[in-house]
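One file, run_29.cif, carrying mmCIF, C-alpha atoms; chains and numbers go by the auth columns:
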```
data_input
#
loop_
_atom_site.group_PDB
_atom_site.id
_atom_site.type_symbol
_atom_site.label_atom_id
_atom_site.label_comp_id
_atom_site.label_asym_id
_atom_site.label_seq_id
_atom_site.Cartn_x
_atom_site.Cartn_y
_atom_site.Cartn_z
_atom_site.B_iso_or_equiv
_atom_site.auth_seq_id
_atom_site.auth_asym_id
ATOM 1 C CA MET A 1 -12.808 19.607 14.251 0.00 1164 A
ATOM 2 C CA GLY A 2 -11.135 16.877 16.213 0.00 1165 A
ATOM 3 C CA ARG A 3 -7.775 16.888 17.883 0.00 1166 A
ATOM 4 C CA SER A 4 -6.640 13.690 16.223 0.00 1167 A
ATOM 5 C CA ILE A 5 -6.060 12.555 12.694 0.00 1168 A
ATOM 6 C CA VAL A 6 -7.374 9.131 11.792 0.00 1169 A
ATOM 7 C CA VAL A 7 -5.495 7.081 9.220 0.00 1170 A
ATOM 8 C CA GLU A 8 -7.859 4.360 8.122 0.00 1171 A
ATOM 9 C CA GLY A 9 -7.150 1.561 5.712 0.00 1172 A
ATOM 10 C CA TYR A 10 -9.622 -0.831 4.229 0.00 1173 A
ATOM 11 C CA VAL A 11 -9.730 -3.102 1.221 0.00 1174 A
ATOM 12 C CA ILE A 12 -12.502 -4.130 -1.153 0.00 1175 A
ATOM 13 C CA ILE A 13 -11.943 -7.486 -2.866 0.00 1176 A
ATOM 14 C CA LYS A 14 -13.994 -8.407 -5.945 0.00 1177 A
ATOM 15 C CA ASN A 15 -13.896 -11.796 -7.664 0.00 1178 A
ATOM 16 C CA GLY A 16 -16.931 -12.609 -9.813 0.00 1179 A
ATOM 17 C CA ASP A 17 -20.049 -12.109 -7.664 0.00 1180 A
ATOM 18 C CA LYS A 18 -17.978 -12.155 -4.459 0.00 1181 A
ATOM 19 C CA VAL A 19 -17.401 -8.726 -2.871 0.00 1182 A
ATOM 20 C CA ILE A 20 -15.602 -8.503 0.486 0.00 1183 A
ATOM 21 C CA LYS A 21 -14.700 -5.431 2.541 0.00 1184 A
ATOM 22 C CA ALA A 22 -11.871 -5.848 5.037 0.00 1185 A
ATOM 23 C CA ARG A 23 -9.652 -3.700 7.278 0.00 1186 A
ATOM 24 C CA ASN A 24 -5.908 -3.706 6.826 0.00 1187 A
ATOM 25 C CA HIS A 25 -2.989 -3.461 9.253 0.00 1188 A
ATOM 26 C CA PHE A 26 -0.190 -0.973 8.671 0.00 1189 A
ATOM 27 C CA VAL A 27 3.195 -2.492 9.446 0.00 1190 A
ATOM 28 C CA ASP A 28 6.417 -0.818 10.636 0.00 1191 A
ATOM 29 C CA ALA A 29 7.674 0.032 7.131 0.00 1192 A
ATOM 30 C CA GLY A 30 4.440 1.913 6.426 0.00 1193 A
ATOM 31 C CA LEU A 31 4.469 3.819 9.706 0.00 1194 A
ATOM 32 C CA LYS A 32 8.179 4.605 9.365 0.00 1195 A
ATOM 33 C CA GLY A 33 7.501 5.852 5.845 0.00 1196 A
ATOM 34 C CA LEU A 34 4.794 8.235 7.047 0.00 1197 A
ATOM 35 C CA LEU A 35 7.121 9.607 9.713 0.00 1198 A
ATOM 36 C CA SER A 36 9.954 9.888 7.196 0.00 1199 A
ATOM 37 C CA THR A 37 7.734 11.834 4.811 0.00 1200 A
ATOM 38 C CA ILE A 38 6.684 14.467 7.337 0.00 1201 A
ATOM 39 C CA ILE A 39 10.228 15.052 8.663 0.00 1202 A
ATOM 40 C CA PHE A 40 11.808 15.401 5.191 0.00 1203 A
ATOM 41 C CA ALA A 41 13.396 18.852 4.874 0.00 1204 A
ATOM 42 C CA ARG A 42 14.516 19.476 1.302 0.00 1205 A
ATOM 43 C CA THR A 43 16.704 18.694 -1.622 0.00 1206 A
ATOM 44 C CA THR A 44 20.035 20.468 -1.646 0.00 1207 A
ATOM 45 C CA CYS A 45 20.750 20.225 -5.350 0.00 1208 A
ATOM 46 C CA GLY A 46 21.238 23.503 -7.193 0.00 1209 A
ATOM 47 C CA ALA A 47 18.875 24.818 -9.862 0.00 1210 A
ATOM 48 C CA THR A 48 21.168 23.742 -12.704 0.00 1211 A
ATOM 49 C CA HIS A 49 21.166 20.108 -11.642 0.00 1212 A
ATOM 50 C CA HIS A 50 18.539 17.454 -12.013 0.00 1213 A
ATOM 51 C CA TRP A 51 17.452 15.560 -8.942 0.00 1214 A
ATOM 52 C CA TYR A 52 14.975 12.792 -8.435 0.00 1215 A
ATOM 53 C CA VAL A 53 13.184 11.752 -5.275 0.00 1216 A
ATOM 54 C CA TYR A 54 10.964 8.703 -5.570 0.00 1217 A
ATOM 55 C CA PHE A 55 8.273 8.184 -2.960 0.00 1218 A
ATOM 56 C CA TRP A 56 5.239 6.032 -2.261 0.00 1219 A
ATOM 57 C CA ALA A 57 3.269 5.901 -5.514 0.00 1220 A
ATOM 58 C CA SER A 58 6.220 6.028 -7.912 0.00 1221 A
ATOM 59 C CA ASP A 59 6.220 2.219 -7.789 0.00 1222 A
ATOM 60 C CA TRP A 60 3.580 0.219 -5.952 0.00 1223 A
ATOM 61 C CA ASP A 61 1.920 -3.176 -6.173 0.00 1224 A
ATOM 62 C CA ILE A 62 -0.618 -5.279 -4.374 0.00 1225 A
ATOM 63 C CA TYR A 63 0.353 -8.927 -3.923 0.00 1226 A
ATOM 64 C CA LEU A 64 -1.764 -11.919 -2.947 0.00 1227 A
ATOM 65 C CA GLY A 65 -0.953 -14.825 -0.663 0.00 1228 A
ATOM 66 C CA SER A 66 -2.465 -18.111 0.461 0.00 1229 A
ATOM 67 C CA ASP A 67 -1.477 -18.185 4.169 0.00 1230 A
ATOM 68 C CA THR A 68 -4.476 -18.559 6.489 0.00 1231 A
ATOM 69 C CA SER A 69 -2.770 -19.118 9.856 0.00 1232 A
ATOM 70 C CA THR A 70 -0.279 -16.254 10.402 0.00 1233 A
ATOM 71 C CA LYS A 71 -1.553 -13.090 12.068 0.00 1234 A
ATOM 72 C CA THR A 72 -0.118 -9.720 11.074 0.00 1235 A
ATOM 73 C CA VAL A 73 2.536 -8.248 13.366 0.00 1236 A
ATOM 74 C CA ALA A 74 4.110 -4.814 13.005 0.00 1237 A
ATOM 75 C CA THR A 75 7.554 -6.202 12.132 0.00 1238 A
ATOM 76 C CA MET A 76 6.375 -8.202 9.091 0.00 1239 A
ATOM 77 C CA THR A 77 8.164 -7.425 5.848 0.00 1240 A
ATOM 78 C CA GLU A 78 6.577 -9.837 3.372 0.00 1241 A
ATOM 79 C CA LEU A 79 3.643 -12.108 2.690 0.00 1242 A
ATOM 80 C CA GLN A 80 3.940 -15.498 4.354 0.00 1243 A
ATOM 81 C CA SER A 81 2.889 -17.575 1.303 0.00 1244 A
ATOM 82 C CA PRO A 82 2.824 -15.387 -1.807 0.00 1245 A
ATOM 83 C CA ILE A 83 0.884 -16.585 -4.830 0.00 1246 A
ATOM 84 C CA GLY A 84 3.560 -16.767 -7.513 0.00 1247 A
ATOM 85 C CA THR A 85 7.256 -16.038 -7.127 0.00 1248 A
ATOM 86 C CA ALA A 86 7.988 -13.798 -4.105 0.00 1249 A
ATOM 87 C CA PRO A 87 6.913 -11.129 -3.466 0.00 1250 A
ATOM 88 C CA GLY A 88 3.932 -12.380 -5.547 0.00 1251 A
ATOM 89 C CA THR A 89 2.244 -12.144 -8.922 0.00 1252 A
ATOM 90 C CA PRO A 90 1.857 -8.486 -9.874 0.00 1253 A
ATOM 91 C CA PRO A 91 -1.540 -7.315 -11.123 0.00 1254 A
ATOM 92 C CA ASP A 92 -2.226 -6.993 -14.842 0.00 1255 A
ATOM 93 C CA THR A 93 -3.476 -3.412 -14.438 0.00 1256 A
ATOM 94 C CA LYS A 94 -3.109 -0.737 -11.780 0.00 1257 A
ATOM 95 C CA ASP A 95 -4.783 2.614 -11.210 0.00 1258 A
ATOM 96 C CA ILE A 96 -4.932 5.275 -8.495 0.00 1259 A
ATOM 97 C CA ASN A 97 -7.928 7.458 -7.581 0.00 1260 A
ATOM 98 C CA VAL A 98 -7.660 10.409 -5.199 0.00 1261 A
ATOM 99 C CA LYS A 99 -10.498 12.053 -3.256 0.00 1262 A
ATOM 100 C CA ASP A 100 -9.936 15.742 -2.557 0.00 1263 A
ATOM 101 C CA GLY A 101 -11.003 16.477 1.012 0.00 1264 A
ATOM 102 C CA SER A 102 -11.204 20.268 0.696 0.00 1265 A
ATOM 103 C CA SER A 103 -14.962 20.295 1.249 0.00 1266 A
ATOM 104 C CA ASP A 104 -15.313 17.735 4.049 0.00 1267 A
ATOM 105 C CA GLY A 105 -11.841 17.145 5.536 0.00 1268 A
ATOM 106 C CA VAL A 106 -11.735 13.524 4.382 0.00 1269 A
ATOM 107 C CA TRP A 107 -8.797 12.808 2.083 0.00 1270 A
ATOM 108 C CA GLU A 108 -8.472 9.417 0.437 0.00 1271 A
ATOM 109 C CA VAL A 109 -6.352 7.532 -2.050 0.00 1272 A
ATOM 110 C CA ILE A 110 -7.477 4.264 -3.625 0.00 1273 A
ATOM 111 C CA TYR A 111 -4.945 1.880 -5.169 0.00 1274 A
ATOM 112 C CA ILE A 112 -6.750 -0.405 -7.611 0.00 1275 A
ATOM 113 C CA ALA A 113 -5.130 -3.634 -8.818 0.00 1276 A
ATOM 114 C CA THR A 114 -6.725 -6.141 -11.196 0.00 1277 A
ATOM 115 C CA TRP A 115 -5.606 -9.628 -12.154 0.00 1278 A
ATOM 116 C CA ASN A 116 -7.284 -10.799 -15.361 0.00 1279 A
ATOM 117 C CA ALA A 117 -9.049 -14.161 -15.503 0.00 1280 A
ATOM 118 C CA GLY A 118 -6.365 -16.858 -15.457 0.00 1281 A
ATOM 119 C CA SER A 119 -3.568 -14.584 -14.146 0.00 1282 A
ATOM 120 C CA VAL A 120 -3.600 -16.216 -10.724 0.00 1283 A
ATOM 121 C CA PRO A 121 -4.509 -19.848 -10.026 0.00 1284 A
ATOM 122 C CA ALA A 122 -7.656 -21.144 -8.347 0.00 1285 A
ATOM 123 C CA THR A 123 -6.021 -21.291 -4.930 0.00 1286 A
ATOM 124 C CA THR A 124 -6.845 -20.029 -1.445 0.00 1287 A
ATOM 125 C CA LEU A 125 -6.701 -16.268 -0.970 0.00 1288 A
ATOM 126 C CA GLY A 126 -5.778 -15.843 2.696 0.00 1289 A
ATOM 127 C CA GLU A 127 -3.595 -12.731 2.800 0.00 1290 A
ATOM 128 C CA MET A 128 -2.638 -9.723 0.706 0.00 1291 A
ATOM 129 C CA ALA A 129 -0.315 -6.768 1.004 0.00 1292 A
ATOM 130 C CA LEU A 130 0.317 -3.295 -0.356 0.00 1293 A
ATOM 131 C CA TYR A 131 3.947 -2.677 -1.344 0.00 1294 A
ATOM 132 C CA MET A 132 5.187 0.889 -1.954 0.00 1295 A
ATOM 133 C CA LYS A 133 8.370 2.963 -2.115 0.00 1296 A
ATOM 134 C CA ALA A 134 8.122 4.201 1.463 0.00 1297 A
ATOM 135 C CA PRO A 135 10.982 6.466 2.519 0.00 1298 A
ATOM 136 C CA ASN A 136 12.986 5.064 5.433 0.00 1299 A
ATOM 137 C CA LYS A 137 14.927 8.012 6.885 0.00 1300 A
ATOM 138 C CA THR A 138 14.293 8.909 10.523 0.00 1301 A
ATOM 139 C CA ALA A 139 16.718 11.786 11.117 0.00 1302 A
ATOM 140 C CA PHE A 140 14.764 15.018 11.622 0.00 1303 A
ATOM 141 C CA GLN A 141 14.949 17.297 8.558 0.00 1304 A
ATOM 142 C CA TRP A 142 16.791 14.745 6.446 0.00 1305 A
ATOM 143 C CA GLU A 143 17.921 15.971 3.058 0.00 1306 A
ATOM 144 C CA VAL A 144 18.602 14.632 -0.394 0.00 1307 A
ATOM 145 C CA GLY A 145 21.564 15.915 -2.367 0.00 1308 A
ATOM 146 C CA CYS A 146 22.037 15.822 -6.120 0.00 1309 A
ATOM 147 C CA ASN A 147 21.996 12.067 -6.179 0.00 1310 A
ATOM 148 C CA GLU A 148 18.776 10.220 -6.714 0.00 1311 A
ATOM 149 C CA TYR A 149 16.832 9.015 -3.652 0.00 1312 A
ATOM 150 C CA ASN A 150 15.002 5.856 -4.594 0.00 1313 A
ATOM 151 C CA PRO A 151 13.933 3.717 -1.615 0.00 1314 A
ATOM 152 C CA SER A 152 13.111 0.052 -2.049 0.00 1315 A
ATOM 153 C CA LYS A 153 9.541 -1.069 -2.537 0.00 1316 A
ATOM 154 C CA VAL A 154 8.467 -2.558 0.810 0.00 1317 A
ATOM 155 C CA MET A 155 5.347 -4.032 2.358 0.00 1318 A
ATOM 156 C CA VAL A 156 3.564 -1.165 4.104 0.00 1319 A
ATOM 157 C CA SER A 157 0.255 -2.829 4.888 0.00 1320 A
ATOM 158 C CA ARG A 158 -1.183 -6.354 5.144 0.00 1321 A
ATOM 159 C CA LEU A 159 -4.501 -8.015 5.768 0.00 1322 A
ATOM 160 C CA SER A 160 -5.110 -11.653 6.514 0.00 1323 A
ATOM 161 C CA SER A 161 -7.837 -14.155 7.190 0.00 1324 A
ATOM 162 C CA ALA A 162 -5.836 -15.271 10.265 0.00 1325 A
ATOM 163 C CA ASP A 163 -6.557 -11.861 11.831 0.00 1326 A
ATOM 164 C CA GLY A 164 -10.255 -12.197 11.007 0.00 1327 A
ATOM 165 C CA ASP A 165 -9.983 -9.364 8.482 0.00 1328 A
ATOM 166 C CA PHE A 166 -11.862 -11.452 5.903 0.00 1329 A
ATOM 167 C CA SER A 167 -12.821 -15.073 5.291 0.00 1330 A
ATOM 168 C CA SER A 168 -10.368 -16.858 3.033 0.00 1331 A
ATOM 169 C CA PHE A 169 -11.793 -18.222 -0.201 0.00 1332 A
ATOM 170 C CA ILE A 170 -10.754 -20.061 -3.347 0.00 1333 A
ATOM 171 C CA ILE A 171 -10.067 -17.613 -6.172 0.00 1334 A
ATOM 172 C CA ASP A 172 -12.353 -18.128 -9.175 0.00 1335 A
ATOM 173 C CA ASP A 173 -9.655 -18.046 -11.848 0.00 1336 A
ATOM 174 C CA THR A 174 -12.270 -17.814 -14.623 0.00 1337 A
ATOM 175 C CA LYS A 175 -13.106 -14.285 -13.457 0.00 1338 A
ATOM 176 C CA PRO A 176 -10.979 -11.175 -12.858 0.00 1339 A
ATOM 177 C CA LEU A 177 -9.874 -10.419 -9.300 0.00 1340 A
ATOM 178 C CA THR A 178 -9.824 -6.742 -8.282 0.00 1341 A
ATOM 179 C CA VAL A 179 -8.461 -5.309 -5.056 0.00 1342 A
ATOM 180 C CA GLU A 180 -9.152 -1.701 -4.090 0.00 1343 A
ATOM 181 C CA TRP A 181 -6.840 -0.601 -1.266 0.00 1344 A
ATOM 182 C CA HIS A 182 -8.251 2.539 0.399 0.00 1345 A
ATOM 183 C CA VAL A 183 -6.162 4.815 2.628 0.00 1346 A
ATOM 184 C CA LYS A 184 -8.196 7.601 4.222 0.00 1347 A
ATOM 185 C CA PHE A 185 -7.083 10.561 6.345 0.00 1348 A
ATOM 186 C CA SER A 186 -9.619 12.494 8.427 0.00 1349 A
ATOM 187 C CA PHE A 187 -10.154 14.324 11.708 0.00 1350 A
ATOM 188 C CA ALA A 188 -11.356 12.262 14.661 0.00 1351 A
#
```
Reformat the file's structure so that it appears as structure tokens.
Amino acid sequence: MGRSIVVEGYVIIKNGDKVIKARNHFVDAGLKGLLSTIIFARTTCGATHHWYVYFWASDWDIYLGSDTSTKTVATMTELQSPIGTAPGTPPDTKDINVKDGSSDGVWEVIYIATWNAGSVPATTLGEMALYMKAPNKTAFQWEVGCNEYNPSKVMVSRLSSADGDFSSFIIDDTKPLTVEWHVKFSFA
């Protein structure tokens, strides 16, 4: 086994006969969220109380954008030109698949978003982003009391044609558009 853990993100875009595979870029909110998750200590609420901690997949979306000239930088917090009202038009359906890595050491989650035919206009697809409820605490062994911890949904990852991640194209609005956002963890 390797000495490093690889966190790999890639996206598969399907629109009619068009199928594109592209790599994504994790931004600061995503990296901070990963750190926050592994330094979380506990909840301090007693057994007779109810407590709620909302993380990553409790509320997520993939949004589309039309920008073709802005490269991804780590400090980005939103799409540059969202399709629809910011942060963008949410998908019509969402699903999550998880690959258990017990046998091969490769763990993966796939966020699947589909916009039905006509849900988004026939416009340029030049960028897209994964938004999730990433925790944002950076104090070692941070805790949650009896109050609910519910971080905001933030952009954790982006890909763009400006970075050369994929070639922008005009969405065929007569066909569904599906985006599969893969996040894989494995030994290097």
Need to verify the contact set: Ile1168 of chain A, 12 Å, only C-alpha atoms, exclusion of same-chain residues closer than 5 positions in sequence. Can you return it as a ChimeraX atom specification? /A:1268-1270,1347-1351
List the residues matched by the PyMOL selection byres ((chain A and resi 1285-1299) around 7) in the displayed structure as a PyMOL selection string, ordered by chain and then by residue number. chain A and resi 1193+1195-1196+1199-1200+1218-1231+1242+1283-1284+1300-1301+1314-1324+1331-1336
Just C-alpha atoms for this one: save the residues we selected as an mmCIF file, in the coordinates of the input.
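Final file, part.cif:
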```
data_model
loop_
_atom_site.group_PDB
_atom_site.id
_atom_site.type_symbol
_atom_site.label_atom_id
_atom_site.label_comp_id
_atom_site.auth_asym_id
_atom_site.auth_seq_id
_atom_site.Cartn_x
_atom_site.Cartn_y
_atom_site.Cartn_z
ATOM 1 C CA GLY A 1193 4.440 1.913 6.426
ATOM 2 C CA LYS A 1195 8.179 4.605 9.365
ATOM 3 C CA GLY A 1196 7.501 5.852 5.845
ATOM 4 C CA SER A 1199 9.954 9.888 7.196
ATOM 5 C CA THR A 1200 7.734 11.834 4.811
ATOM 6 C CA PHE A 1218 8.273 8.184 -2.960
ATOM 7 C CA TRP A 1219 5.239 6.032 -2.261
ATOM 8 C CA ALA A 1220 3.269 5.901 -5.514
ATOM 9 C CA SER A 1221 6.220 6.028 -7.912
ATOM 10 C CA ASP A 1222 6.220 2.219 -7.789
ATOM 11 C CA TRP A 1223 3.580 0.219 -5.952
ATOM 12 C CA ASP A 1224 1.920 -3.176 -6.173
ATOM 13 C CA ILE A 1225 -0.618 -5.279 -4.374
ATOM 14 C CA TYR A 1226 0.353 -8.927 -3.923
ATOM 15 C CA LEU A 1227 -1.764 -11.919 -2.947
ATOM 16 C CA GLY A 1228 -0.953 -14.825 -0.663
ATOM 17 C CA SER A 1229 -2.465 -18.111 0.461
ATOM 18 C CA ASP A 1230 -1.477 -18.185 4.169
ATOM 19 C CA THR A 1231 -4.476 -18.559 6.489
ATOM 20 C CA LEU A 1242 3.643 -12.108 2.690
ATOM 21 C CA VAL A 1283 -3.600 -16.216 -10.724
ATOM 22 C CA PRO A 1284 -4.509 -19.848 -10.026
ATOM 23 C CA LYS A 1300 14.927 8.012 6.885
ATOM 24 C CA THR A 1301 14.293 8.909 10.523
ATOM 25 C CA PRO A 1314 13.933 3.717 -1.615
ATOM 26 C CA SER A 1315 13.111 0.052 -2.049
ATOM 27 C CA LYS A 1316 9.541 -1.069 -2.537
ATOM 28 C CA VAL A 1317 8.467 -2.558 0.810
ATOM 29 C CA MET A 1318 5.347 -4.032 2.358
ATOM 30 C CA VAL A 1319 3.564 -1.165 4.104
ATOM 31 C CA SER A 1320 0.255 -2.829 4.888
ATOM 32 C CA ARG A 1321 -1.183 -6.354 5.144
ATOM 33 C CA LEU A 1322 -4.501 -8.015 5.768
ATOM 34 C CA SER A 1323 -5.110 -11.653 6.514
ATOM 35 C CA SER A 1324 -7.837 -14.155 7.190
ATOM 36 C CA SER A 1331 -10.368 -16.858 3.033
ATOM 37 C CA PHE A 1332 -11.793 -18.222 -0.201
ATOM 38 C CA ILE A 1333 -10.754 -20.061 -3.347
ATOM 39 C CA ILE A 1334 -10.067 -17.613 -6.172
ATOM 40 C CA ASP A 1335 -12.353 -18.128 -9.175
ATOM 41 C CA ASP A 1336 -9.655 -18.046 -11.848
#
```
Which of A:Ile1246, A:Leu1198, A:Ile1183, A:Val1190 sits closest to Lys1234 of chain A [using all atoms listed in the file]: A:Val1190
Selection near Pro1339 of chain A, 8 Å with all atoms listed in the file, sequence-local residues under 5 positions removed, as a list in words: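 Close residues of Pro1339 of chain A: Asn1178, Gly1179, Thr1277, Trp1278, Asn1279, Ala1280 and Gly1281 of chain A.
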May I ask for the distance between atom CA of Glu1171 of chain A and atom CA of Asp1263 of chain A, given in Å to one decimal place? 15.7 Å
Could you tell me which of A:Asp1255, A:Asp1328, A:Glu1311, A:Asp1191 comes closest to Met1239 of chain A if we count all atoms listed in the file? A:Asp1191
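Considering all atoms listed in the file, the residue among A:Ile1273, A:Ile1176, A:Val1170, A:Ala1185 positioned nearest to Ile1259 of chain A is A:Ile1273.
With atom CA of Phe1189 of chain A on one side and atom CA of Glu1241 of chain A on the other, the separation reads 12.3 Å.
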Would you work out the distance separating atom CA of Asn1313 of chain A from atom CA of Thr1240 of chain A, expressed in Å to one decimal? 18.2 Å
Expected axis-aligned box over every listed atom of segment 1262-1275 of chain A, 4 Å added per side, centre plus edges in Å to one decimal, as AutoDock Vina command-line options:
```
--center_x -10.1 --center_y 9.9 --center_z -1.0 --size_x 18.4 --size_y 28.7 --size_z 21.1
```
Mind rebuilding segment 1331-1349 of chain A with N, CA and C atoms and writing that out as a short mmCIF file (atom, residue, chain, number, x, y, z; two decimals), keeping the file's coordinate frame?
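What landed in out_28.cif:
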```cif
data_model
loop_
_atom_site.label_atom_id
_atom_site.label_comp_id
_atom_site.auth_asym_id
_atom_site.auth_seq_id
_atom_site.Cartn_x
_atom_site.Cartn_y
_atom_site.Cartn_z
N SER A 1331 -11.12 -16.38 4.19
CA SER A 1331 -10.37 -16.86 3.03
C SER A 1331 -11.33 -17.55 2.08
N PHE A 1332 -10.96 -17.57 0.80
CA PHE A 1332 -11.79 -18.22 -0.20
C PHE A 1332 -10.92 -18.70 -1.36
N ILE A 1333 -11.45 -19.58 -2.15
CA ILE A 1333 -10.75 -20.06 -3.35
C ILE A 1333 -11.02 -19.07 -4.47
N ILE A 1334 -9.95 -18.56 -5.07
CA ILE A 1334 -10.07 -17.61 -6.17
C ILE A 1334 -10.74 -18.30 -7.35
N ASP A 1335 -11.74 -17.65 -7.93
CA ASP A 1335 -12.35 -18.13 -9.18
C ASP A 1335 -11.48 -17.61 -10.31
N ASP A 1336 -10.62 -18.48 -10.83
CA ASP A 1336 -9.65 -18.05 -11.85
C ASP A 1336 -10.28 -17.85 -13.22
N THR A 1337 -11.59 -18.08 -13.36
CA THR A 1337 -12.27 -17.81 -14.62
C THR A 1337 -12.80 -16.38 -14.66
N LYS A 1338 -12.63 -15.67 -13.55
CA LYS A 1338 -13.11 -14.28 -13.46
C LYS A 1338 -11.96 -13.38 -12.99
N PRO A 1339 -12.00 -12.10 -13.36
CA PRO A 1339 -10.98 -11.18 -12.86
C PRO A 1339 -11.06 -11.04 -11.34
N LEU A 1340 -9.95 -10.71 -10.73
CA LEU A 1340 -9.87 -10.42 -9.30
C LEU A 1340 -9.40 -8.98 -9.17
N THR A 1341 -10.18 -8.15 -8.48
CA THR A 1341 -9.82 -6.74 -8.28
C THR A 1341 -9.72 -6.45 -6.80
N VAL A 1342 -8.67 -5.75 -6.44
CA VAL A 1342 -8.46 -5.31 -5.06
C VAL A 1342 -8.35 -3.79 -5.06
N GLU A 1343 -9.21 -3.16 -4.28
CA GLU A 1343 -9.15 -1.70 -4.09
C GLU A 1343 -8.64 -1.45 -2.68
N TRP A 1344 -7.45 -0.86 -2.57
CA TRP A 1344 -6.84 -0.60 -1.27
C TRP A 1344 -7.04 0.87 -0.95
N HIS A 1345 -7.90 1.17 0.04
CA HIS A 1345 -8.25 2.54 0.40
C HIS A 1345 -7.40 2.98 1.59
N VAL A 1346 -6.86 4.19 1.50
CA VAL A 1346 -6.16 4.82 2.63
C VAL A 1346 -6.79 6.19 2.80
N LYS A 1347 -7.42 6.40 3.97
CA LYS A 1347 -8.20 7.60 4.22
C LYS A 1347 -7.61 8.36 5.41
N PHE A 1348 -7.54 9.68 5.27
CA PHE A 1348 -7.08 10.56 6.34
C PHE A 1348 -8.24 11.51 6.70
N SER A 1349 -8.54 11.60 8.01
CA SER A 1349 -9.62 12.49 8.43
C SER A 1349 -9.43 12.90 9.88
#
```
